[in-house]
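Novice: Dropping in upload-v4.cif, which is mmCIF, C-alpha atoms and all ligand atoms:
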data_coords
#
loop_
_atom_site.group_PDB
_atom_site.id
_atom_site.type_symbol
_atom_site.label_atom_id
_atom_site.label_comp_id
_atom_site.auth_asym_id
_atom_site.auth_seq_id
_atom_site.Cartn_x
_atom_site.Cartn_y
_atom_site.Cartn_z
ATOM 1 C CA MET U 17 105.729 108.446 106.924
ATOM 2 C CA GLY U 18 106.587 106.398 103.876
ATOM 3 C CA VAL U 19 107.290 106.291 100.158
ATOM 4 C CA PRO U 20 104.410 104.749 98.162
ATOM 5 C CA LEU U 21 105.428 102.293 95.460
ATOM 6 C CA ARG U 22 105.316 103.966 92.059
ATOM 7 C CA VAL U 23 106.855 101.207 89.944
ATOM 8 C CA PRO U 24 105.639 97.617 89.739
ATOM 9 C CA HIS U 25 107.084 95.707 92.618
ATOM 10 C CA ALA U 26 106.926 92.222 94.129
ATOM 11 C CA LEU U 27 104.801 93.506 97.013
ATOM 12 C CA ALA U 28 102.773 96.137 95.124
ATOM 13 C CA ALA U 29 99.067 95.878 95.864
ATOM 14 C CA PRO U 30 97.965 94.295 92.538
ATOM 15 C CA ALA U 31 100.623 91.566 92.857
ATOM 16 C CA VAL U 32 99.500 90.721 96.386
ATOM 17 C CA ARG U 33 95.787 90.851 95.559
ATOM 18 C CA ARG U 34 96.131 88.448 92.591
ATOM 19 C CA GLY U 35 94.224 85.286 93.605
ATOM 20 C CA LEU U 36 93.823 86.388 97.233
ATOM 21 C CA ASN U 37 90.934 84.455 98.768
ATOM 22 C CA THR U 38 89.774 86.348 101.871
ATOM 23 C CA HIS U 39 86.572 87.940 103.189
ATOM 24 C CA VAL U 40 87.762 90.759 105.434
ATOM 25 C CA ILE U 41 91.528 90.918 105.451
ATOM 26 C CA GLY U 42 93.168 92.412 102.390
ATOM 27 C CA ALA U 43 90.070 94.185 101.045
ATOM 28 C CA HIS U 44 92.450 97.145 100.726
ATOM 29 C CA ILE U 45 96.215 96.846 100.468
ATOM 30 C CA VAL U 46 98.491 99.849 100.926
ATOM 31 C CA SER U 47 102.012 99.131 99.734
ATOM 32 C CA PHE U 48 105.182 101.137 100.394
ATOM 33 C CA ARG U 49 108.677 100.794 99.052
ATOM 34 C CA ARG U 50 109.958 102.264 102.303
ATOM 35 C CA ALA U 51 107.918 103.033 105.395
ATOM 36 C CA SER U 52 108.760 104.103 108.923
ATOM 37 C CA SER U 53 106.917 101.167 110.474
ATOM 38 C CA THR U 54 103.890 99.445 108.950
ATOM 39 C CA ASN U 55 102.439 99.239 112.486
ATOM 40 C CA ASP U 56 102.776 103.010 112.911
ATOM 41 C CA ILE U 57 101.096 103.670 109.571
ATOM 42 C CA ALA U 58 98.307 101.179 110.281
ATOM 43 C CA LEU U 59 97.724 102.767 113.715
ATOM 44 C CA ILE U 60 97.416 106.199 112.117
ATOM 45 C CA LEU U 61 95.008 104.914 109.445
ATOM 46 C CA ALA U 62 92.948 103.115 112.106
ATOM 47 C CA SER U 63 92.775 106.218 114.298
ATOM 48 C CA GLN U 64 91.495 108.150 111.263
ATOM 49 C CA GLY U 65 88.607 105.687 110.960
ATOM 50 C CA CYS U 66 89.846 103.388 108.173
ATOM 51 C CA PRO U 67 87.882 100.133 108.068
ATOM 52 C CA GLU U 68 89.212 96.839 109.322
ATOM 53 C CA GLY U 69 90.930 94.488 106.934
ATOM 54 C CA ILE U 70 93.337 97.075 105.521
ATOM 55 C CA VAL U 71 96.818 95.649 105.042
ATOM 56 C CA VAL U 72 99.858 97.922 105.119
ATOM 57 C CA VAL U 73 102.928 96.294 103.581
ATOM 58 C CA ALA U 74 106.440 97.642 103.050
ATOM 59 C CA ASP U 75 109.509 96.437 101.218
ATOM 60 C CA SER U 76 111.612 97.977 104.001
ATOM 61 C CA GLN U 77 111.146 99.980 107.198
ATOM 62 C CA THR U 78 113.257 102.762 108.645
ATOM 63 C CA ALA U 79 111.844 102.344 112.160
ATOM 64 C CA GLY U 80 110.572 98.759 112.296
ATOM 65 C CA ARG U 81 109.594 97.931 115.864
ATOM 66 C CA GLY U 82 109.472 94.748 117.883
ATOM 67 C CA ARG U 83 108.254 94.088 121.410
ATOM 68 C CA PHE U 84 109.763 96.079 124.273
ATOM 69 C CA GLY U 85 110.731 98.863 121.846
ATOM 70 C CA ARG U 86 113.348 96.699 120.123
ATOM 71 C CA ARG U 87 114.294 97.375 116.503
ATOM 72 C CA TRP U 88 113.110 94.999 113.790
ATOM 73 C CA HIS U 89 115.755 94.778 111.064
ATOM 74 C CA ALA U 90 115.195 93.896 107.404
ATOM 75 C CA ALA U 91 117.124 95.328 104.465
ATOM 76 C CA PRO U 92 115.070 96.031 101.302
ATOM 77 C CA GLY U 93 113.760 92.905 99.607
ATOM 78 C CA LEU U 94 114.726 90.545 102.406
ATOM 79 C CA GLY U 95 111.820 90.549 104.830
ATOM 80 C CA LEU U 96 108.061 90.257 104.782
ATOM 81 C CA LEU U 97 106.790 93.253 106.769
ATOM 82 C CA PHE U 98 103.123 94.024 107.096
ATOM 83 C CA SER U 99 100.360 95.077 109.463
ATOM 84 C CA VAL U 100 96.629 94.481 109.459
ATOM 85 C CA ILE U 101 93.948 96.763 110.946
ATOM 86 C CA LEU U 102 91.240 94.962 112.925
ATOM 87 C CA ARG U 103 88.188 96.196 114.789
ATOM 88 C CA PRO U 104 87.234 93.213 116.920
ATOM 89 C CA GLU U 105 84.351 93.343 119.387
ATOM 90 C CA LEU U 106 86.493 92.241 122.289
ATOM 91 C CA ALA U 107 87.386 93.290 125.804
ATOM 92 C CA PRO U 108 90.841 94.861 126.229
ATOM 93 C CA SER U 109 91.715 92.072 128.678
ATOM 94 C CA VAL U 110 92.180 89.644 125.762
ATOM 95 C CA SER U 111 94.289 92.028 123.652
ATOM 96 C CA SER U 112 97.419 89.946 123.960
ATOM 97 C CA THR U 113 95.754 86.939 122.326
ATOM 98 C CA LEU U 114 95.695 88.922 119.071
ATOM 99 C CA ALA U 115 99.425 88.221 118.822
ATOM 100 C CA PHE U 116 98.438 84.530 118.781
ATOM 101 C CA LEU U 117 96.316 85.290 115.696
ATOM 102 C CA GLY U 118 99.368 86.522 113.777
ATOM 103 C CA ALA U 119 101.694 83.801 115.013
ATOM 104 C CA LEU U 120 99.275 80.925 114.361
ATOM 105 C CA ALA U 121 98.482 82.152 110.840
ATOM 106 C CA THR U 122 102.135 82.757 109.954
ATOM 107 C CA ALA U 123 103.326 79.394 111.262
ATOM 108 C CA ARG U 124 100.556 77.526 109.456
ATOM 109 C CA ALA U 125 101.243 79.298 106.151
ATOM 110 C CA ILE U 126 104.971 78.544 106.362
ATOM 111 C CA ARG U 127 104.396 74.891 107.267
ATOM 112 C CA GLU U 128 102.021 74.449 104.338
ATOM 113 C CA LEU U 129 103.981 76.367 101.699
ATOM 114 C CA TYR U 130 107.501 75.115 102.455
ATOM 115 C CA GLY U 131 106.954 72.010 104.609
ATOM 116 C CA LEU U 132 109.172 73.476 107.332
ATOM 117 C CA PRO U 133 108.641 72.272 110.919
ATOM 118 C CA VAL U 134 108.054 75.733 112.392
ATOM 119 C CA SER U 135 106.875 76.059 115.956
ATOM 120 C CA LEU U 136 105.566 78.825 118.189
ATOM 121 C CA LYS U 137 107.082 80.302 121.297
ATOM 122 C CA TRP U 138 104.879 82.223 123.717
ATOM 123 C CA PRO U 139 103.752 84.871 123.208
ATOM 124 C CA ASN U 140 104.579 85.878 119.645
ATOM 125 C CA ASP U 141 107.561 84.114 118.118
ATOM 126 C CA VAL U 142 107.656 81.924 115.049
ATOM 127 C CA VAL U 143 110.608 79.627 115.516
ATOM 128 C CA LEU U 144 112.506 77.153 113.360
ATOM 129 C CA GLU U 145 114.957 74.739 114.972
ATOM 130 C CA GLY U 146 115.222 76.991 118.001
ATOM 131 C CA LYS U 147 115.943 80.140 115.958
ATOM 132 C CA LYS U 148 113.669 83.107 115.383
ATOM 133 C CA LEU U 149 112.058 83.138 111.945
ATOM 134 C CA GLY U 150 109.366 85.702 112.603
ATOM 135 C CA GLY U 151 107.663 87.849 115.214
ATOM 136 C CA ILE U 152 104.328 89.519 115.810
ATOM 137 C CA LEU U 153 103.655 92.944 117.297
ATOM 138 C CA ALA U 154 99.965 93.337 118.220
ATOM 139 C CA GLU U 155 98.930 96.778 119.443
ATOM 140 C CA THR U 156 95.459 97.843 120.555
ATOM 141 C CA THR U 157 93.733 101.117 121.305
ATOM 142 C CA GLY U 158 90.524 101.512 123.247
ATOM 143 C CA ASP U 159 89.120 102.208 126.671
ATOM 144 C CA ALA U 160 88.452 100.108 129.737
ATOM 145 C CA GLY U 161 85.383 98.503 128.153
ATOM 146 C CA ALA U 162 86.319 97.660 124.584
ATOM 147 C CA ILE U 163 89.052 97.571 121.983
ATOM 148 C CA ARG U 164 88.535 100.400 119.460
ATOM 149 C CA HIS U 165 91.020 99.055 116.972
ATOM 150 C CA ALA U 166 93.917 96.652 116.842
ATOM 151 C CA VAL U 167 96.933 96.394 114.582
ATOM 152 C CA VAL U 168 98.604 93.036 114.109
ATOM 153 C CA GLY U 169 102.089 93.484 112.663
ATOM 154 C CA VAL U 170 103.982 90.548 111.207
ATOM 155 C CA GLY U 171 107.678 90.340 110.389
ATOM 156 C CA VAL U 172 109.135 87.251 108.710
ATOM 157 C CA ASN U 173 112.803 86.748 107.874
ATOM 158 C CA VAL U 174 112.525 85.671 104.246
ATOM 159 C CA ASN U 175 115.662 86.122 102.134
ATOM 160 C CA MET U 176 118.324 87.023 104.701
ATOM 161 C CA ARG U 177 121.677 85.268 104.637
ATOM 162 C CA GLN U 178 123.546 84.986 107.923
ATOM 163 C CA ARG U 179 125.500 88.168 107.216
ATOM 164 C CA ASP U 180 122.318 90.182 106.632
ATOM 165 C CA PHE U 181 121.373 89.934 110.315
ATOM 166 C CA PRO U 182 122.975 92.325 112.808
ATOM 167 C CA ARG U 183 125.949 90.547 114.379
ATOM 168 C CA GLU U 184 124.339 90.221 117.800
ATOM 169 C CA LEU U 185 121.261 88.491 116.340
ATOM 170 C CA ARG U 186 123.061 86.054 114.023
ATOM 171 C CA SER U 187 123.196 83.028 116.302
ATOM 172 C CA GLY U 188 119.526 83.286 117.242
ATOM 173 C CA ALA U 189 117.911 84.146 113.904
ATOM 174 C CA THR U 190 117.130 82.270 110.716
ATOM 175 C CA SER U 191 115.303 82.897 107.429
ATOM 176 C CA LEU U 192 113.241 80.958 104.916
ATOM 177 C CA ALA U 193 116.080 81.207 102.378
ATOM 178 C CA LEU U 194 118.563 79.750 104.883
ATOM 179 C CA ALA U 195 116.138 76.941 105.710
ATOM 180 C CA THR U 196 115.133 76.051 102.140
ATOM 181 C CA GLY U 197 118.412 76.881 100.374
ATOM 182 C CA LYS U 198 116.458 78.994 97.857
ATOM 183 C CA ARG U 199 115.317 82.581 97.372
ATOM 184 C CA VAL U 200 111.678 82.772 98.437
ATOM 185 C CA ALA U 201 108.978 84.880 96.730
ATOM 186 C CA ARG U 202 107.242 87.098 99.261
ATOM 187 C CA ALA U 203 103.875 87.804 97.570
ATOM 188 C CA PRO U 204 102.622 84.188 97.694
ATOM 189 C CA LEU U 205 103.715 83.964 101.336
ATOM 190 C CA LEU U 206 101.902 87.198 102.197
ATOM 191 C CA ARG U 207 98.753 85.983 100.431
ATOM 192 C CA ARG U 208 98.812 82.698 102.285
ATOM 193 C CA ILE U 209 99.312 84.341 105.673
ATOM 194 C CA LEU U 210 96.442 86.765 104.944
ATOM 195 C CA GLU U 211 94.197 83.808 104.114
ATOM 196 C CA GLU U 212 95.136 82.059 107.353
ATOM 197 C CA LEU U 213 94.541 85.300 109.280
ATOM 198 C CA ASP U 214 91.172 85.785 107.614
ATOM 199 C CA ARG U 215 90.001 82.259 108.471
ATOM 200 C CA ARG U 216 90.882 82.668 112.151
ATOM 201 C CA TYR U 217 89.582 86.218 112.404
ATOM 202 C CA THR U 218 86.221 85.090 110.969
ATOM 203 C CA LEU U 219 85.973 82.571 113.838
ATOM 204 C CA VAL U 220 86.851 85.286 116.379
ATOM 205 C CA ARG U 221 84.224 87.642 114.948
ATOM 206 C CA LYS U 222 81.558 84.934 115.030
ATOM 207 C CA ALA U 223 82.405 83.885 118.572
ATOM 208 C CA LYS U 224 82.987 87.502 119.746
ATOM 209 C CA SER U 225 85.813 85.856 121.637
ATOM 210 C CA THR U 226 89.430 84.870 121.130
ATOM 211 C CA ALA U 227 88.749 81.423 122.631
ATOM 212 C CA PRO U 228 89.297 79.770 119.185
ATOM 213 C CA LEU U 229 92.800 81.282 119.091
ATOM 214 C CA VAL U 230 93.674 80.228 122.625
ATOM 215 C CA GLU U 231 92.394 76.699 121.988
ATOM 216 C CA GLU U 232 94.451 76.403 118.796
ATOM 217 C CA TRP U 233 97.504 77.814 120.581
ATOM 218 C CA ARG U 234 97.163 75.226 123.365
ATOM 219 C CA ARG U 235 96.909 72.485 120.712
ATOM 220 C CA VAL U 236 99.822 73.476 118.505
ATOM 221 C CA ALA U 237 102.220 75.130 120.966
ATOM 222 C CA PRO U 238 102.259 72.685 123.829
ATOM 223 C CA HIS U 239 104.590 74.412 126.266
ATOM 224 C CA THR U 240 102.824 72.715 129.163
ATOM 225 C CA GLY U 241 105.229 70.756 131.342
ATOM 226 C CA ARG U 242 108.346 72.433 129.883
ATOM 227 C CA ILE U 243 110.858 74.104 132.160
ATOM 228 C CA VAL U 244 111.317 77.698 131.037
ATOM 229 C CA ARG U 245 113.058 80.896 131.974
ATOM 230 C CA VAL U 246 110.963 84.060 131.623
ATOM 231 C CA ARG U 247 112.826 87.331 131.403
ATOM 232 C CA GLN U 248 110.811 90.437 132.237
ATOM 233 C CA LYS U 249 111.899 94.042 132.530
ATOM 234 C CA ASP U 250 112.681 93.834 136.213
ATOM 235 C CA ARG U 251 113.245 90.124 136.885
ATOM 236 C CA ILE U 252 113.988 86.640 135.617
ATOM 237 C CA GLN U 253 111.989 83.650 136.820
ATOM 238 C CA GLU U 254 112.281 79.940 136.088
ATOM 239 C CA GLY U 255 109.534 77.406 136.456
ATOM 240 C CA THR U 256 107.333 74.763 134.844
ATOM 241 C CA VAL U 257 104.677 75.872 132.379
ATOM 242 C CA ALA U 258 101.272 74.934 133.795
ATOM 243 C CA GLY U 259 99.332 76.157 130.762
ATOM 244 C CA ILE U 260 97.945 79.167 128.915
ATOM 245 C CA ASP U 261 95.125 81.113 130.564
ATOM 246 C CA ASP U 262 91.987 82.122 128.651
ATOM 247 C CA ASP U 263 93.348 85.659 128.204
ATOM 248 C CA GLY U 264 96.624 84.328 126.770
ATOM 249 C CA ALA U 265 98.726 84.684 129.932
ATOM 250 C CA LEU U 266 101.434 82.090 130.574
ATOM 251 C CA LEU U 267 100.801 80.127 133.764
ATOM 252 C CA LEU U 268 104.027 79.242 135.508
ATOM 253 C CA ARG U 269 104.632 77.082 138.572
ATOM 254 C CA LEU U 270 107.736 78.221 140.429
ATOM 255 C CA PRO U 271 110.053 75.732 142.202
ATOM 256 C CA SER U 272 108.525 76.975 145.492
ATOM 257 C CA GLY U 273 105.141 75.678 144.283
ATOM 258 C CA THR U 274 103.714 79.173 143.829
ATOM 259 C CA ALA U 275 101.678 79.653 140.641
ATOM 260 C CA VAL U 276 102.213 82.910 138.741
ATOM 261 C CA ARG U 277 100.584 84.477 135.687
ATOM 262 C CA MET U 278 102.881 86.150 133.173
ATOM 263 C CA THR U 279 101.307 88.574 130.730
ATOM 264 C CA SER U 280 104.540 89.478 128.954
ATOM 265 C CA GLY U 281 108.162 88.449 128.839
ATOM 266 C CA ASP U 282 110.820 86.632 126.834
ATOM 267 C CA VAL U 283 110.735 82.882 127.202
ATOM 268 C CA THR U 284 113.689 80.520 126.894
ATOM 269 C CA ILE U 285 112.750 76.870 126.870
ATOM 270 C CA LEU U 286 115.303 75.123 129.103
ATOM 271 C CA ARG U 287 114.030 71.506 128.841
HETATM 272 C C1 LIG W 1 108.887 90.933 117.853
HETATM 273 O O1 LIG W 1 109.294 89.794 117.623
HETATM 274 O O2 LIG W 1 109.318 91.605 118.812
HETATM 275 C C2 LIG W 1 107.831 91.501 116.968
HETATM 276 C C3 LIG W 1 108.380 91.958 115.649
HETATM 277 C C4 LIG W 1 107.314 92.537 114.728
HETATM 278 C C5 LIG W 1 107.913 93.169 113.506
HETATM 279 C C6 LIG W 1 106.861 93.589 112.508
HETATM 280 S S1 LIG W 1 107.549 94.034 110.948
HETATM 281 C C7 LIG W 1 106.025 94.672 110.430
HETATM 282 C C8 LIG W 1 105.425 95.391 111.594
HETATM 283 N N1 LIG W 1 105.896 96.758 111.646
HETATM 284 C C9 LIG W 1 106.666 96.974 112.708
HETATM 285 O O3 LIG W 1 107.223 98.057 112.996
HETATM 286 N N2 LIG W 1 106.765 95.875 113.459
HETATM 287 C C10 LIG W 1 105.995 94.784 112.891
#
How would this structure read if it were set down as structure tokens?
Specialist:
Amino acid sequence: MGVPLRVPHALAAPAVRRGLNTHVIGAHIVSFRRASSTNDIALILASQGCPEGIVVVADSQTAGRGRFGRRWHAAPGLGLLFSVILRPELAPSVSSTLAFLGALATARAIRELYGLPVSLKWPNDVVLEGKKLGGILAETTGDAGAIRHAVVGVGVNVNMRQRDFPRELRSGATSLALATGKRVARAPLLRRILEELDRRYTLVRKAKSTAPLVEEWRRVAPHTGRIVRVRQKDRIQEGTVAGIDDDGALLLRLPSGTAVRMTSGDVTILR
């Protein structure tokens, strides 16, 4: 499953915990030098009954996953890779808005720490100048009535140079080091993202609803009115974004005038 860190390390639990100001998230931190996938480990821990708030972090992953079963690449020391276990009292119908939680927190932390003009792309991308800086993989388990547990996995490209990305991703990816011109310390970034996650998750728990996340998403990621192309497994559609539904779905108006709801897909903003 993974190799626990035995020597002091930038992302070892004590280094991450130092000065961390959160209520729920980060109460326990499990740190690996090399893991299969922090999402996989967090899902196993959650299924064994581990409490919410546990953070699983790894210096590198051998089977890092993105949406649609894609690989998530990050050589040792270059990426920030972690997953958080949550047990929200929510209906499964709003599961996809938990990706908003990760994306909103990550974008806010990066804007505040480095002053970079990061933006969000529905449903889970953290973007800088049109290139992918980070992504969120939110996975939930439960039954028809309620989510049993959720894992929100976050991957941020931190210290990659162009050549560290797989060739086919180079033109569409960027990193904090490329954007700032400096090597970036990962522990302070992780701490800040955990604090932003904790603040938003506290609101969700109080409201027993992800409405605060959807409202923030509508405010800070104004896709409305943009012409986009949405690529799904079996088709590609273009249209004008009419908004984000309460369950996080993208509302698209097709050139024919028909309104459609998209619950997943890859978006390219055309204009
Ligand atoms: C995407 O953009 O498709 C989502 C990428 C999510 C990657 C992170 S890295 C930490 C966590 N563990 C994984 O296996 N995936 C997520």
Novice: Please return, as a compact mmCIF listing (two decimals) with C-alpha atoms, in the frame of the given file, all polymer residues that have at least one atom within 9 Å of the point (111.8, 87.0, 128.8); use only C-alpha atoms and the file's own coordinate frame.
Specialist:
# COMPACT_ATOMS: atom_id res chain seq x y z
CA ARG U 245 113.06 80.90 131.97
CA VAL U 246 110.96 84.06 131.62
CA ARG U 247 112.83 87.33 131.40
CA GLN U 248 110.81 90.44 132.24
CA LYS U 249 111.90 94.04 132.53
CA ARG U 251 113.24 90.12 136.88
CA ILE U 252 113.99 86.64 135.62
CA GLN U 253 111.99 83.65 136.82
CA SER U 280 104.54 89.48 128.95
CA GLY U 281 108.16 88.45 128.84
CA ASP U 282 110.82 86.63 126.83
CA VAL U 283 110.74 82.88 127.20
CA THR U 284 113.69 80.52 126.89
Novice: Using all atoms listed in the file, can you tell me which of U:Ser53, U:Thr274, U:Thr226, U:Gln64 comes closest to ligand LIG 1 (chain W)?
Specialist: U:Ser53
Novice: Identify the residues within 6 Å of coordinate (96.0, 99.0, 116.2) (same frame as the file), considering all atoms listed in the file, and give the answer as an NGL selection string.
Specialist: :U and (59 or 155-157 or 165-167)
Novice: Which one is closest to Leu102 of chain U: U:Arg269, U:Arg235, U:Arg164, U:Arg287? Count only C-alpha atoms.
Specialist: U:Arg164
Novice: What are the closest atom pairs, with distances in Å to one decimal, for each residue of chain U lying within 7 Å of ligand LIG 1 (chain W), using all atoms listed in the file, rows by chain and rising residue number, as a Markdown table?
Specialist:
| residue | atom | partner | partner_atom | distance |
| --- | --- | --- | --- | --- |
| U:Ser53 | CA | W:LIG1 | O3 | 4.0 |
| U:Thr54 | CA | W:LIG1 | N1 | 4.3 |
| U:Asn55 | CA | W:LIG1 | N1 | 4.3 |
| U:Asp56 | CA | W:LIG1 | O3 | 6.7 |
| U:Ala79 | CA | W:LIG1 | O3 | 6.4 |
| U:Gly80 | CA | W:LIG1 | O3 | 3.5 |
| U:Arg81 | CA | W:LIG1 | O3 | 3.7 |
| U:Gly82 | CA | W:LIG1 | O2 | 3.3 |
| U:Arg83 | CA | W:LIG1 | O2 | 3.7 |
| U:Arg86 | CA | W:LIG1 | O2 | 6.6 |
| U:Trp88 | CA | W:LIG1 | C5 | 5.5 |
| U:Leu97 | CA | W:LIG1 | C7 | 4.0 |
| U:Phe98 | CA | W:LIG1 | C7 | 4.5 |
| U:Ser99 | CA | W:LIG1 | C8 | 5.5 |
| U:Asn140 | CA | W:LIG1 | O1 | 6.5 |
| U:Asp141 | CA | W:LIG1 | O1 | 6.0 |
| U:Gly150 | CA | W:LIG1 | O1 | 6.5 |
| U:Gly151 | CA | W:LIG1 | O1 | 3.5 |
| U:Ile152 | CA | W:LIG1 | C2 | 4.2 |
| U:Leu153 | CA | W:LIG1 | C2 | 4.4 |
| U:Gly169 | CA | W:LIG1 | C8 | 4.0 |
| U:Val170 | CA | W:LIG1 | C6 | 4.4 |
| U:Gly171 | CA | W:LIG1 | S1 | 3.7 |
Novice: Would you please work out which residue, of U:Ala119, U:Gly69, U:Thr196, U:Asn175, is nearest to Leu132 of chain U when using all atoms listed in the file?
Specialist: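 Nearest to Leu132 of chain U: U:Thr196.
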Novice: Tell me, in Å to one decimal, how far atom CA of Ile209 of chain U is from atom CA of Leu117 of chain U.
Specialist: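 Value for the atom CA of Ile209 of chain U-atom CA of Leu117 of chain U distance: 10.5 Å.
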Novice: Of the candidates U:Thr279, U:Arg234, U:Gly161, U:Arg216, which shows the shortest atom-to-atom distance to Gly259 of chain U, using only C-alpha atoms?
Specialist: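 Counting only C-alpha atoms, the residue closest to Gly259 of chain U is U:Arg234.
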Novice: First collect every listed atom of segment 259-277 of chain U; then fit an axis-aligned box around them, widen it by 3 Å on each side, and give centre and edge lengths in Å to one decimal, as AutoDock Vina command-line options.
Specialist:
--center_x 101.0 --center_y 80.7 --center_z 136.1 --size_x 24.1 --size_y 16.0 --size_z 24.7
Novice: Between U:Ala195, U:Val220, U:Val276, U:Val73, which one has atoms that come closest to Glu145 of chain U, using all atoms listed in the file?
Specialist: U:Ala195
Novice: Taking the file as shown, find all residues satisfying the PyMOL selection byres (((chain U and resi 121-130) around 7) and not hetatm) and write them as a PyMOL selection string.
Specialist: chain U and resi 117-120+131-135+142+208-209+212-213
Novice: Atoms are missing here; could segment 137-152 of chain U be completed with N, CA, C and O atoms and written as an mmCIF file, keeping the file's coordinate frame?
Specialist:
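Okay, selection.cif is ready:
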data_model
loop_
_atom_site.group_PDB
_atom_site.id
_atom_site.type_symbol
_atom_site.label_atom_id
_atom_site.label_comp_id
_atom_site.auth_asym_id
_atom_site.auth_seq_id
_atom_site.Cartn_x
_atom_site.Cartn_y
_atom_site.Cartn_z
ATOM 1 N N LYS U 137 106.587 80.092 119.935
ATOM 2 C CA LYS U 137 107.082 80.302 121.297
ATOM 3 C C LYS U 137 106.299 81.453 121.892
ATOM 4 O O LYS U 137 106.228 82.526 121.288
ATOM 5 N N TRP U 138 105.695 81.200 123.062
ATOM 6 C CA TRP U 138 104.879 82.223 123.717
ATOM 7 C C TRP U 138 105.697 83.500 123.910
ATOM 8 O O TRP U 138 106.861 83.400 124.294
ATOM 9 N N PRO U 139 105.127 84.695 123.682
ATOM 10 C CA PRO U 139 103.752 84.871 123.208
ATOM 11 C C PRO U 139 103.637 85.143 121.714
ATOM 12 O O PRO U 139 102.510 85.162 121.205
ATOM 13 N N ASN U 140 104.743 85.323 121.002
ATOM 14 C CA ASN U 140 104.579 85.878 119.645
ATOM 15 C C ASN U 140 105.671 85.465 118.669
ATOM 16 O O ASN U 140 105.817 86.105 117.645
ATOM 17 N N ASP U 141 106.439 84.448 119.000
ATOM 18 C CA ASP U 141 107.561 84.114 118.118
ATOM 19 C C ASP U 141 107.241 82.932 117.208
ATOM 20 O O ASP U 141 106.642 81.950 117.646
ATOM 21 N N VAL U 142 107.699 83.051 115.967
ATOM 22 C CA VAL U 142 107.656 81.924 115.049
ATOM 23 C C VAL U 142 109.094 81.425 114.957
ATOM 24 O O VAL U 142 110.012 82.189 114.641
ATOM 25 N N VAL U 143 109.269 80.149 115.275
ATOM 26 C CA VAL U 143 110.608 79.627 115.516
ATOM 27 C C VAL U 143 110.877 78.429 114.609
ATOM 28 O O VAL U 143 109.969 77.637 114.335
ATOM 29 N N LEU U 144 112.113 78.329 114.135
ATOM 30 C CA LEU U 144 112.506 77.153 113.360
ATOM 31 C C LEU U 144 113.816 76.625 113.935
ATOM 32 O O LEU U 144 114.813 77.362 113.987
ATOM 33 N N GLU U 145 113.787 75.375 114.348
ATOM 34 C CA GLU U 145 114.957 74.739 114.972
ATOM 35 C C GLU U 145 115.590 75.641 116.024
ATOM 36 O O GLU U 145 116.806 75.860 116.049
ATOM 37 N N GLY U 146 114.747 76.195 116.871
ATOM 38 C CA GLY U 146 115.222 76.991 118.001
ATOM 39 C C GLY U 146 115.632 78.412 117.652
ATOM 40 O O GLY U 146 116.037 79.164 118.529
ATOM 41 N N LYS U 147 115.542 78.785 116.355
ATOM 42 C CA LYS U 147 115.943 80.140 115.958
ATOM 43 C C LYS U 147 114.733 80.945 115.508
ATOM 44 O O LYS U 147 113.778 80.380 114.966
ATOM 45 N N LYS U 148 114.821 82.266 115.694
ATOM 46 C CA LYS U 148 113.669 83.107 115.383
ATOM 47 C C LYS U 148 113.528 83.336 113.873
ATOM 48 O O LYS U 148 114.443 83.818 113.212
ATOM 49 N N LEU U 149 112.351 82.973 113.364
ATOM 50 C CA LEU U 149 112.058 83.138 111.945
ATOM 51 C C LEU U 149 111.115 84.318 111.729
ATOM 52 O O LEU U 149 111.124 84.961 110.682
ATOM 53 N N GLY U 150 110.308 84.596 112.748
ATOM 54 C CA GLY U 150 109.366 85.702 112.603
ATOM 55 C C GLY U 150 108.832 86.139 113.954
ATOM 56 O O GLY U 150 108.998 85.442 114.957
ATOM 57 N N GLY U 151 108.220 87.333 113.965
ATOM 58 C CA GLY U 151 107.663 87.849 115.214
ATOM 59 C C GLY U 151 106.418 88.665 114.929
ATOM 60 O O GLY U 151 106.214 89.145 113.798
ATOM 61 N N ILE U 152 105.602 88.807 115.947
ATOM 62 C CA ILE U 152 104.328 89.519 115.810
ATOM 63 C C ILE U 152 104.298 90.657 116.818
ATOM 64 O O ILE U 152 104.684 90.462 117.983
#
